[in-house]
file model.cif (mmCIF, C-alpha atoms)
data_entry
loop_
_atom_site.label_atom_id
_atom_site.label_comp_id
_atom_site.auth_asym_id
_atom_site.auth_seq_id
_atom_site.Cartn_x
_atom_site.Cartn_y
_atom_site.Cartn_z
CA MET A 1 0.00 0.00 0.00
CA ALA A 2 2.84 2.36 0.85
CA GLN A 3 4.41 1.71 -2.51
CA ALA A 4 1.10 2.39 -4.27
CA ALA A 5 0.78 5.68 -2.40
CA THR A 6 4.25 6.91 -3.32
CA ASN A 7 4.05 6.18 -7.11
CA PRO A 8 1.54 8.94 -8.01
CA THR A 9 3.67 11.45 -6.09
CA ARG A 10 6.74 10.44 -8.11
CA GLY A 11 4.69 10.65 -11.31
CA GLU A 12 3.46 14.11 -10.41
CA ASN A 13 7.01 15.23 -9.60
CA SER A 14 8.26 13.86 -12.89
CA ALA A 15 5.47 15.57 -14.88
CA GLY A 16 6.11 18.83 -13.07
CA TRP A 17 9.81 18.59 -13.81
CA ILE A 18 9.17 18.00 -17.53
CA ARG A 19 6.68 20.88 -17.62
CA LEU A 20 9.27 23.10 -15.96
CA LEU A 21 11.89 22.04 -18.47
CA VAL A 22 9.65 22.60 -21.52
CA PHE A 23 7.70 25.68 -20.52
CA GLY A 24 9.96 27.20 -17.85
CA ARG A 25 8.77 28.88 -14.65
CA SER A 26 6.78 31.39 -16.68
CA PRO A 27 5.24 29.99 -19.88
CA LYS A 28 4.57 33.55 -21.15
CA ARG A 29 8.25 34.48 -20.88
CA THR A 30 9.28 31.20 -22.49
CA LEU A 31 6.93 31.86 -25.39
CA LEU A 32 8.33 35.36 -25.78
CA ARG A 33 11.88 33.99 -25.76
CA ILE A 34 10.99 31.44 -28.42
CA ILE A 35 9.44 34.13 -30.62
CA VAL A 36 12.49 36.39 -30.21
CA LEU A 37 14.82 33.46 -30.99
CA VAL A 38 12.89 32.48 -34.12
CA VAL A 39 12.77 36.07 -35.39
CA ALA A 40 16.48 36.55 -34.64
CA CYS A 41 17.38 33.31 -36.48
CA PHE A 42 15.22 34.33 -39.43
CA VAL A 43 16.80 37.78 -39.68
CA VAL A 44 20.37 36.53 -39.19
CA PHE A 45 20.24 33.53 -41.53
CA ARG A 46 18.10 35.11 -44.25
CA LEU A 47 19.49 38.62 -44.37
CA VAL A 48 22.93 38.69 -42.77
CA LEU A 49 24.68 35.30 -42.77
CA LEU A 50 23.53 33.09 -45.62
CA PRO A 51 24.23 29.44 -44.83
CA ILE A 52 25.76 27.63 -47.80
CA ARG A 53 26.97 24.16 -48.67
CA VAL A 54 30.05 24.15 -50.87
CA THR A 55 29.70 21.68 -53.74
CA GLY A 56 32.43 20.93 -56.24
CA ILE A 57 36.20 21.10 -56.06
CA SER A 58 36.98 24.47 -57.62
CA MET A 59 37.79 26.04 -54.22
CA SER A 60 39.79 23.05 -53.00
CA PRO A 61 41.90 22.79 -50.83
CA THR A 62 40.62 25.94 -49.05
CA TYR A 63 37.02 24.69 -49.06
CA LYS A 64 36.34 21.00 -49.46
CA ASP A 65 33.40 19.51 -51.32
CA ASN A 66 30.25 19.40 -49.16
CA SER A 67 31.67 21.69 -46.48
CA ILE A 68 29.39 24.18 -44.72
CA ASN A 69 30.00 27.91 -44.66
CA PHE A 70 28.24 31.25 -44.37
CA VAL A 71 28.25 34.28 -46.63
CA ASN A 72 28.31 37.54 -44.71
CA ARG A 73 26.13 39.98 -46.62
CA PHE A 74 27.20 42.91 -44.45
CA ALA A 75 30.93 42.41 -45.09
CA TYR A 76 30.99 45.10 -47.78
CA TRP A 77 28.73 47.56 -46.08
CA ARG A 78 31.51 49.94 -45.19
CA HIS A 79 34.22 49.02 -47.68
CA GLU A 80 34.51 47.46 -51.09
CA PRO A 81 35.71 43.87 -51.70
CA GLN A 82 39.45 43.34 -51.32
CA ARG A 83 41.91 41.17 -53.18
CA GLY A 84 42.12 37.71 -51.58
CA ASP A 85 38.53 37.76 -50.29
CA VAL A 86 36.48 34.65 -50.94
CA VAL A 87 33.08 35.88 -52.05
CA GLY A 88 29.63 34.53 -52.86
CA ILE A 89 28.55 35.43 -56.39
CA GLN A 90 24.87 35.24 -57.21
CA PHE A 91 23.26 33.96 -60.37
CA ALA A 92 19.62 35.08 -60.73
CA GLY A 93 19.07 35.11 -56.97
CA PRO A 94 20.62 34.22 -53.63
CA HIS A 95 19.66 30.55 -53.41
CA LEU A 96 22.54 29.26 -55.51
CA MET A 97 25.85 31.03 -55.77
CA LEU A 98 29.42 30.65 -56.89
CA LEU A 99 32.17 30.74 -54.28
CA LYS A 100 35.33 32.30 -55.73
CA ARG A 101 38.37 34.30 -54.68
CA ILE A 102 38.90 37.88 -55.82
CA VAL A 103 42.29 38.23 -57.48
CA GLY A 104 41.79 41.28 -59.66
CA LEU A 105 40.38 44.68 -58.72
CA PRO A 106 38.55 47.27 -60.84
CA GLY A 107 40.73 48.95 -63.45
CA GLU A 108 43.59 46.43 -63.21
CA THR A 109 44.96 44.23 -65.97
CA ILE A 110 45.11 40.51 -65.26
CA ALA A 111 46.89 37.67 -67.06
CA PHE A 112 47.91 34.07 -66.38
CA ALA A 113 51.44 33.03 -67.37
CA ASN A 114 52.44 29.42 -66.68
CA GLY A 115 50.06 29.25 -63.75
CA ARG A 116 51.10 32.56 -62.17
CA ILE A 117 48.66 35.44 -61.97
CA LEU A 118 50.05 38.72 -63.25
CA ILE A 119 48.37 41.90 -62.07
CA ASN A 120 49.40 44.89 -64.17
CA GLY A 121 52.33 42.73 -65.30
CA GLN A 122 53.51 41.91 -61.77
CA PRO A 123 53.25 38.37 -60.29
CA LEU A 124 50.67 38.03 -57.54
CA ALA A 125 51.67 36.23 -54.33
CA GLU A 126 49.08 33.57 -53.57
CA PRO A 127 49.81 31.66 -50.37
CA TYR A 128 46.48 29.82 -50.63
CA GLU A 129 47.39 28.27 -53.97
CA LYS A 130 49.10 24.94 -53.31
CA GLY A 131 49.00 22.68 -56.38
CA PRO A 132 50.88 22.85 -59.67
CA CYS A 133 49.28 25.00 -62.35
CA ASN A 134 50.03 25.63 -66.00
CA TRP A 135 47.20 27.99 -66.93
CA ASN A 136 47.77 30.71 -69.46
CA MET A 137 45.56 33.63 -70.37
CA PRO A 138 46.36 36.80 -72.30
CA ALA A 139 46.16 40.14 -70.50
CA GLU A 140 42.61 41.28 -69.85
CA LYS A 141 41.43 44.65 -68.59
CA ILE A 142 39.01 44.57 -65.64
CA GLY A 143 36.16 47.08 -65.91
CA SER A 144 35.61 49.93 -63.45
CA ASP A 145 32.74 48.09 -61.74
CA GLU A 146 34.14 44.59 -62.05
CA TYR A 147 36.32 42.17 -60.10
CA TYR A 148 38.24 39.19 -61.43
CA VAL A 149 37.44 35.98 -59.56
CA VAL A 150 38.92 32.51 -59.74
CA GLY A 151 38.86 29.34 -57.62
CA ASP A 152 41.80 28.12 -55.56
CA ASN A 153 42.02 24.75 -57.31
CA ARG A 154 44.29 25.49 -60.25
CA GLU A 155 45.24 21.82 -60.69
CA MET A 156 42.03 21.18 -62.60
CA PRO A 157 41.85 21.90 -66.34
CA GLN A 158 41.28 25.57 -67.07
CA SER A 159 38.44 24.75 -69.47
CA LEU A 160 36.43 23.16 -66.65
CA HIS A 161 37.02 25.98 -64.20
CA MET A 162 34.66 28.95 -63.96
CA GLN A 163 36.66 32.15 -63.70
CA GLY A 164 36.36 35.63 -65.03
CA ARG A 165 35.16 39.16 -64.51
CA VAL A 166 32.14 39.65 -62.31
CA GLU A 167 30.07 42.77 -61.90
CA ARG A 168 30.01 44.28 -58.40
CA TRP A 169 26.24 43.85 -57.92
CA ARG A 170 26.61 40.07 -58.21
CA ILE A 171 28.92 39.89 -55.17
CA LEU A 172 26.57 38.97 -52.33
CA GLY A 173 29.09 38.94 -49.52
CA LYS A 174 32.23 37.43 -48.07
CA ALA A 175 32.72 33.86 -46.91
CA LEU A 176 32.75 33.86 -43.12
CA LEU A 177 34.85 30.78 -42.31
CA MET B 1 -14.01 42.14 -26.19
CA LYS B 2 -16.75 41.66 -28.77
CA ILE B 3 -15.27 44.48 -30.87
CA VAL B 4 -11.82 42.84 -30.80
CA VAL B 5 -13.31 39.54 -31.98
CA LYS B 6 -15.20 41.35 -34.75
CA ILE B 7 -12.04 43.18 -35.88
CA ILE B 8 -10.09 39.89 -35.95
CA PHE B 9 -12.91 38.22 -37.89
CA VAL B 10 -13.11 41.05 -40.44
CA GLY B 11 -9.30 41.05 -40.78
CA ALA B 12 -9.31 37.30 -41.38
CA LEU B 13 -12.04 37.69 -44.00
CA ILE B 14 -10.08 40.40 -45.82
CA ALA B 15 -6.92 38.25 -45.76
CA LEU B 16 -8.87 35.28 -47.10
CA GLY B 17 -10.35 37.46 -49.85
CA ILE B 18 -6.93 38.77 -50.89
CA TRP B 19 -5.52 35.24 -50.89
CA LEU B 20 -8.39 33.93 -53.02
CA TRP B 21 -8.01 36.87 -55.41
CA THR B 22 -4.31 36.02 -55.95
CA ILE B 23 -5.25 32.36 -56.54
CA PHE B 24 -7.99 33.08 -59.09
CA PHE B 25 -6.41 36.15 -60.71
CA PRO B 26 -2.63 35.69 -60.44
CA LYS B 27 -0.28 38.44 -61.52
CA PRO B 28 1.54 37.90 -64.85
CA GLU B 29 4.83 37.55 -62.93
CA THR B 30 3.33 34.70 -60.91
CA ILE B 31 2.03 33.00 -64.07
CA VAL B 32 5.48 33.25 -65.70
CA ARG B 33 7.13 31.81 -62.57
CA GLN B 34 4.64 28.96 -62.48
CA ARG B 35 5.20 28.23 -66.19
CA ILE B 36 8.95 27.97 -65.64
CA LEU B 37 8.52 25.67 -62.63
CA LYS B 38 6.07 23.51 -64.57
CA LEU B 39 8.44 23.30 -67.52
CA ALA B 40 11.27 22.26 -65.20
CA LYS B 41 9.03 19.54 -63.78
CA ILE B 42 8.05 18.21 -67.21
CA VAL B 43 11.61 18.27 -68.51
CA SER B 44 12.77 16.27 -65.46
CA PHE B 45 12.47 12.50 -65.47
CA THR B 46 13.46 9.50 -63.43
CA LYS B 47 14.82 6.15 -64.52
CA GLY B 48 11.53 4.38 -63.86
CA GLU B 49 9.62 6.40 -66.45
CA GLY B 50 7.59 4.36 -68.94
CA ASN B 51 7.69 4.79 -72.71
CA PHE B 52 4.19 6.26 -72.91
CA SER B 53 4.78 8.94 -70.29
CA ARG B 54 8.19 9.62 -71.85
CA VAL B 55 6.63 10.44 -75.23
CA ALA B 56 3.74 12.34 -73.62
CA ALA B 57 6.12 14.51 -71.61
CA GLY B 58 8.20 15.18 -74.71
CA GLU B 59 5.08 16.35 -76.55
CA ARG B 60 3.94 18.52 -73.62
CA VAL B 61 7.27 20.35 -73.56
CA GLY B 62 6.53 21.82 -77.00
CA GLY B 63 3.35 23.46 -75.68
CA PHE B 64 5.39 25.88 -73.57
CA PHE B 65 7.01 27.49 -76.59
CA SER B 66 5.90 29.76 -79.42
CA THR B 67 6.18 28.43 -82.96
CA ASN B 68 9.05 30.79 -83.80
CA VAL B 69 11.00 30.05 -80.63
CA GLU B 70 14.76 30.49 -80.54
CA ILE B 71 16.95 28.68 -78.03
CA ASN B 72 20.68 29.28 -77.74
CA ILE B 73 22.42 27.36 -74.98
CA THR B 74 26.13 27.64 -74.31
CA ILE B 75 27.39 26.01 -71.13
CA PRO B 76 31.12 26.14 -70.36
CA GLY B 77 32.64 22.67 -70.64
CA HIS B 78 29.63 21.32 -72.58
CA GLU B 79 28.44 21.36 -76.17
CA SER B 80 26.48 24.42 -77.23
CA ASP B 81 23.07 23.92 -78.83
CA THR B 82 20.63 25.95 -80.90
CA LEU B 83 16.97 25.07 -81.46
CA HIS B 84 14.51 26.95 -83.64
CA SER B 85 11.09 25.30 -83.53
CA ARG B 86 8.68 23.40 -81.31
CA ALA B 87 9.40 20.23 -83.26
CA GLU B 88 13.13 20.54 -82.60
CA ILE B 89 12.45 21.11 -78.89
CA THR B 90 10.18 18.08 -78.65
CA GLN B 91 12.78 16.02 -80.48
CA ALA B 92 15.54 17.26 -78.15
CA ALA B 93 13.40 16.45 -75.09
CA LEU B 94 12.84 12.91 -76.33
CA GLN B 95 16.50 12.45 -77.21
CA ALA B 96 17.53 13.64 -73.74
CA ARG B 97 15.22 11.04 -72.22
CA GLN B 98 16.92 8.34 -74.28
CA ALA B 99 20.46 9.56 -73.69
CA VAL B 100 20.43 9.73 -69.89
CA ARG B 101 18.68 7.63 -67.27
CA GLU B 102 17.71 10.40 -64.91
CA LEU B 103 17.56 14.17 -65.16
CA VAL B 104 16.35 16.58 -62.50
CA VAL B 105 15.90 20.26 -63.32
CA LYS B 106 15.47 22.71 -60.44
CA VAL B 107 14.82 26.44 -60.62
CA PRO B 108 15.85 27.93 -57.28
CA ASP B 109 15.69 31.58 -58.36
CA THR B 110 13.52 33.44 -60.86
CA GLN B 111 13.42 37.20 -61.35
CA VAL B 112 10.61 38.30 -63.65
CA THR B 113 10.50 41.70 -65.34
CA LEU B 114 7.23 42.56 -67.02
CA ALA B 115 7.18 44.86 -70.06
CA PRO B 116 5.14 48.10 -69.67
CA ASP B 117 2.47 46.81 -72.06
CA LYS B 118 2.18 43.63 -69.93
CA GLN B 119 2.26 41.50 -73.08
CA SER B 120 5.82 40.25 -72.71
CA ALA B 121 8.19 39.44 -69.88
CA VAL B 122 11.81 38.53 -69.32
CA ALA B 123 12.72 36.02 -66.63
CA ASP B 124 16.24 35.74 -65.32
CA VAL B 125 16.50 32.20 -64.02
CA THR B 126 19.03 30.05 -62.20
CA VAL B 127 18.81 26.53 -63.57
CA ASP B 128 20.26 23.62 -61.62
CA VAL B 129 20.47 20.39 -63.61
CA GLU B 130 21.39 17.06 -62.05
CA ILE B 131 22.17 14.30 -64.54
CA SER B 132 22.60 10.70 -63.45
CA GLY B 133 26.19 9.60 -63.81
CA GLU B 134 27.58 13.13 -63.56
CA ARG B 135 29.34 14.00 -60.34
CA ASP B 136 28.53 17.72 -60.29
CA ALA B 137 25.28 19.44 -61.12
CA ILE B 138 25.25 21.97 -63.95
CA VAL B 139 24.30 25.40 -62.68
CA GLN B 140 23.58 28.02 -65.31
CA GLU B 141 21.92 31.39 -65.39
CA MET B 142 19.44 31.76 -68.25
CA LYS B 143 17.19 34.38 -69.70
CA PHE B 144 13.67 33.36 -70.77
CA THR B 145 11.65 35.75 -72.93
CA PHE B 146 7.89 35.26 -72.73
CA GLN B 147 5.15 36.63 -74.95
CA LYS B 148 1.44 36.59 -74.22
CA MET B 149 -0.26 34.90 -77.18
CA ASP B 150 -3.98 34.13 -77.21
CA GLY B 151 -4.06 34.41 -73.43
CA ASN B 152 -1.10 32.04 -72.94
CA TRP B 153 2.37 32.99 -71.83
CA LEU B 154 4.68 31.27 -74.31
CA ILE B 155 8.46 31.19 -74.41
CA THR B 156 9.84 32.93 -77.49
CA LYS B 157 13.50 32.90 -76.60
CA ILE B 158 15.93 31.20 -74.21
CA GLU B 159 19.55 32.23 -73.96
CA THR B 160 22.33 31.53 -71.51
CA VAL B 161 23.65 34.38 -69.39
CA ARG B 162 27.34 34.60 -68.65
CA THR B 163 27.61 35.15 -64.91
CA LEU B 164 31.37 35.51 -65.24
CA ASN B 165 32.67 37.28 -68.35
#
call {"tool": "encode", "arguments": {"input": "model.cif", "output": "structure tokens"}}
result
Amino acid sequence: MAQAATNPTRGENSAGWIRLLVFGRSPKRTLLRIIVLVVACFVVFRLVLLPIRVTGISMSPTYKDNSINFVNRFAYWRHEPQRGDVVGIQFAGPHLMLLKRIVGLPGETIAFANGRILINGQPLAEPYEKGPCNWNMPAEKIGSDEYYVVGDNREMPQSLHMQGRVERWRILGKALL
Amino acid sequence: MKIVVKIIFVGALIALGIWLWTIFFPKPETIVRQRILKLAKIVSFTKGEGNFSRVAAGERVGGFFSTNVEINITIPGHESDTLHSRAEITQAALQARQAVRELVVKVPDTQVTLAPDKQSAVADVTVDVEISGERDAIVQEMKFTFQKMDGNWLITKIETVRTLN
């Protein structure tokens, strides 16, 4: 009988503990916190930090296939993109984008000579570029509102690699990680 | 309290009315978007598709285009292609279904710009194509030109857009 009397009490305690864990001491405050959290997540991950999954090997070894990253849309709020930045480049919208590195700035002349990038005729130091490369490309002038972007994986054939001049409006933001 | 309930009820009725209006009388931009999504769905196929549905889908693809349609597709690393009529498009759709086992076309982004006369529209579209046997998906920006003909929005031109120049 004693055992039978104690079981409901334990059950009630357990239910109360779960209720406390789920709803908190004040359900109204918990609800408010949830709403604030959801709104904050929505604003951050839709407008500020776009979560992306990297697919393909064009940014290897810096970013591996299937790795997760974020594109910071506010990175160029106060200043323009810089050389060496890895940026998200939009197609028709923000749901799919290219991830490339900026190597050429507006107004510069860019060329590839035996795998080396030449900016205004001078070789560009690229510590992120690890593999052997034999790409060649004649000198090309970058427009006043354009940037030259290329992936870090220069071991792959140049014909299969997307690179080139991109208009400023297409640059969505900078890779966070 | 009764007034609050009445206001909420009236608000809900207005919202329902607006929603129904957009369903029954969609904006041209919405129709164009829906046409593109529908085309992507019809062009896609899985390996289990039967011969009858394969031919039917190929025929249905032609209905999305005007008779004088012009398609120019140039994808880096792939063969470029030009098509000029509904018959050529239908043929190409059928050939694609024979050449590969599975093809999935997705359209994650569509930006529609309507002409001032509201009789034509240009849609800038991101197309994501997954082909069975290919490791990477083909992602390409494309421009679709639509014309309103006999009440239907038909595609008159498709061309690839070079995201990087």
call {"tool": "resolve_selection", "arguments": {"input": "model.cif", "expression": "the PyMOL selection byres ((chain A) within 9 of (chain B))", "output": "mmCIF file with C-alpha atoms, in the coordinates of the input"}}
result
data_model
loop_
_atom_site.group_PDB
_atom_site.id
_atom_site.type_symbol
_atom_site.label_atom_id
_atom_site.label_comp_id
_atom_site.auth_asym_id
_atom_site.auth_seq_id
_atom_site.Cartn_x
_atom_site.Cartn_y
_atom_site.Cartn_z
ATOM 1 C CA THR A 55 29.700 21.680 -53.740
ATOM 2 C CA GLY A 56 32.430 20.930 -56.240
ATOM 3 C CA ILE A 89 28.550 35.430 -56.390
ATOM 4 C CA GLN A 90 24.870 35.240 -57.210
ATOM 5 C CA PHE A 91 23.260 33.960 -60.370
ATOM 6 C CA ALA A 92 19.620 35.080 -60.730
ATOM 7 C CA GLY A 93 19.070 35.110 -56.970
ATOM 8 C CA PRO A 94 20.620 34.220 -53.630
ATOM 9 C CA HIS A 95 19.660 30.550 -53.410
ATOM 10 C CA LEU A 96 22.540 29.260 -55.510
ATOM 11 C CA TYR A 148 38.240 39.190 -61.430
ATOM 12 C CA VAL A 149 37.440 35.980 -59.560
ATOM 13 C CA SER A 159 38.440 24.750 -69.470
ATOM 14 C CA LEU A 160 36.430 23.160 -66.650
ATOM 15 C CA HIS A 161 37.020 25.980 -64.200
ATOM 16 C CA MET A 162 34.660 28.950 -63.960
ATOM 17 C CA GLN A 163 36.660 32.150 -63.700
ATOM 18 C CA GLY A 164 36.360 35.630 -65.030
ATOM 19 C CA ARG A 165 35.160 39.160 -64.510
ATOM 20 C CA VAL A 166 32.140 39.650 -62.310
ATOM 21 C CA GLU A 167 30.070 42.770 -61.900
ATOM 22 C CA ARG A 170 26.610 40.070 -58.210
#
call {"tool": "atom_distance", "arguments": {"input": "model.cif", "atom1": "CA of Trp135 (chain A)", "atom2": "CA of Asn120 (chain A)"}}
result
17.3 Å
call {"tool": "atom_distance", "arguments": {"input": "model.cif", "atom1": "CA of Phe23 (chain A)", "atom2": "CA of Phe45 (chain A)"}}
result
25.7 Å
call {"tool": "residues_near_point", "arguments": {"input": "model.cif", "point": "(8.3, 24.0, -67.5)", "cutoff": "12 Å", "atoms": "all atoms listed in the file", "output": "ChimeraX atom specification"}}
result
/B:31-44,57-58,60-65,93,105-107,127,144,153-155
call {"tool": "resolve_selection", "arguments": {"input": "model.cif", "expression": "the PyMOL selection byres ((chain A and resi 142) around 10)", "output": "number ranges by chain"}}
result
A: 104-110, 139-141, 143-148, 164-167
call {"tool": "write_last_selection", "arguments": {"input": "model.cif", "atoms": "C-alpha atoms", "output": "mmCIF file, keeping the file's coordinate frame"}}
result
data_model
loop_
_atom_site.group_PDB
_atom_site.id
_atom_site.type_symbol
_atom_site.label_atom_id
_atom_site.label_comp_id
_atom_site.auth_asym_id
_atom_site.auth_seq_id
_atom_site.Cartn_x
_atom_site.Cartn_y
_atom_site.Cartn_z
ATOM 1 C CA GLY A 104 41.790 41.280 -59.660
ATOM 2 C CA LEU A 105 40.380 44.680 -58.720
ATOM 3 C CA PRO A 106 38.550 47.270 -60.840
ATOM 4 C CA GLY A 107 40.730 48.950 -63.450
ATOM 5 C CA GLU A 108 43.590 46.430 -63.210
ATOM 6 C CA THR A 109 44.960 44.230 -65.970
ATOM 7 C CA ILE A 110 45.110 40.510 -65.260
ATOM 8 C CA ALA A 139 46.160 40.140 -70.500
ATOM 9 C CA GLU A 140 42.610 41.280 -69.850
ATOM 10 C CA LYS A 141 41.430 44.650 -68.590
ATOM 11 C CA GLY A 143 36.160 47.080 -65.910
ATOM 12 C CA SER A 144 35.610 49.930 -63.450
ATOM 13 C CA ASP A 145 32.740 48.090 -61.740
ATOM 14 C CA GLU A 146 34.140 44.590 -62.050
ATOM 15 C CA TYR A 147 36.320 42.170 -60.100
ATOM 16 C CA TYR A 148 38.240 39.190 -61.430
ATOM 17 C CA GLY A 164 36.360 35.630 -65.030
ATOM 18 C CA ARG A 165 35.160 39.160 -64.510
ATOM 19 C CA VAL A 166 32.140 39.650 -62.310
ATOM 20 C CA GLU A 167 30.070 42.770 -61.900
#
call {"tool": "residues_near_point", "arguments": {"input": "model.cif", "point": "(5.6, 39.3, -71.6)", "cutoff": "12 Å", "atoms": "all atoms listed in the file", "output": "NGL selection string"}}
result
:B and (27-33 or 112-123 or 144-149 or 151-157)
call {"tool": "write_last_selection", "arguments": {"input": "model.cif", "atoms": "C-alpha atoms", "output": "PDB file, in the frame of the given file"}}
result
ATOM      1  CA  LYS B  27      -0.280  38.440 -61.520  1.00  0.00           C
ATOM      2  CA  PRO B  28       1.540  37.900 -64.850  1.00  0.00           C
ATOM      3  CA  GLU B  29       4.830  37.550 -62.930  1.00  0.00           C
ATOM      4  CA  THR B  30       3.330  34.700 -60.910  1.00  0.00           C
ATOM      5  CA  ILE B  31       2.030  33.000 -64.070  1.00  0.00           C
ATOM      6  CA  VAL B  32       5.480  33.250 -65.700  1.00  0.00           C
ATOM      7  CA  ARG B  33       7.130  31.810 -62.570  1.00  0.00           C
ATOM      8  CA  VAL B 112      10.610  38.300 -63.650  1.00  0.00           C
ATOM      9  CA  THR B 113      10.500  41.700 -65.340  1.00  0.00           C
ATOM     10  CA  LEU B 114       7.230  42.560 -67.020  1.00  0.00           C
ATOM     11  CA  ALA B 115       7.180  44.860 -70.060  1.00  0.00           C
ATOM     12  CA  PRO B 116       5.140  48.100 -69.670  1.00  0.00           C
ATOM     13  CA  ASP B 117       2.470  46.810 -72.060  1.00  0.00           C
ATOM     14  CA  LYS B 118       2.180  43.630 -69.930  1.00  0.00           C
ATOM     15  CA  GLN B 119       2.260  41.500 -73.080  1.00  0.00           C
ATOM     16  CA  SER B 120       5.820  40.250 -72.710  1.00  0.00           C
ATOM     17  CA  ALA B 121       8.190  39.440 -69.880  1.00  0.00           C
ATOM     18  CA  VAL B 122      11.810  38.530 -69.320  1.00  0.00           C
ATOM     19  CA  ALA B 123      12.720  36.020 -66.630  1.00  0.00           C
ATOM     20  CA  PHE B 144      13.670  33.360 -70.770  1.00  0.00           C
ATOM     21  CA  THR B 145      11.650  35.750 -72.930  1.00  0.00           C
ATOM     22  CA  PHE B 146       7.890  35.260 -72.730  1.00  0.00           C
ATOM     23  CA  GLN B 147       5.150  36.630 -74.950  1.00  0.00           C
ATOM     24  CA  LYS B 148       1.440  36.590 -74.220  1.00  0.00           C
ATOM     25  CA  MET B 149      -0.260  34.900 -77.180  1.00  0.00           C
ATOM     26  CA  GLY B 151      -4.060  34.410 -73.430  1.00  0.00           C
ATOM     27  CA  ASN B 152      -1.100  32.040 -72.940  1.00  0.00           C
ATOM     28  CA  TRP B 153       2.370  32.990 -71.830  1.00  0.00           C
ATOM     29  CA  LEU B 154       4.680  31.270 -74.310  1.00  0.00           C
ATOM     30  CA  ILE B 155       8.460  31.190 -74.410  1.00  0.00           C
ATOM     31  CA  THR B 156       9.840  32.930 -77.490  1.00  0.00           C
ATOM     32  CA  LYS B 157      13.500  32.900 -76.600  1.00  0.00           C
TER      33      LYS B 157
END
call {"tool": "atom_distance", "arguments": {"input": "model.cif", "atom1": "CA of Ile3 (chain B)", "atom2": "CA of Trp21 (chain B)"}}
result
26.7 Å
call {"tool": "closest_residue", "arguments": {"input": "model.cif", "among": "A:Leu47, A:Leu124, A:Ala40, A:Val71", "to": "Ile171 (chain A)", "atoms": "all atoms listed in the file"}}
result
A:Val71
call {"tool": "resolve_selection", "arguments": {"input": "model.cif", "expression": "the PyMOL selection byres ((chain B and resi 96) around 12)", "output": "list in words"}}
result
Val43, Ser44, Phe45, Thr46, Arg54, Val55, Ala57, Gly58, Ile89, Thr90, Gln91, Ala92, Ala93, Leu94, Gln95, Arg97, Gln98, Ala99, Val100, Arg101, Glu102, Leu103, Val104, Ile131 and Ser132 of chain B
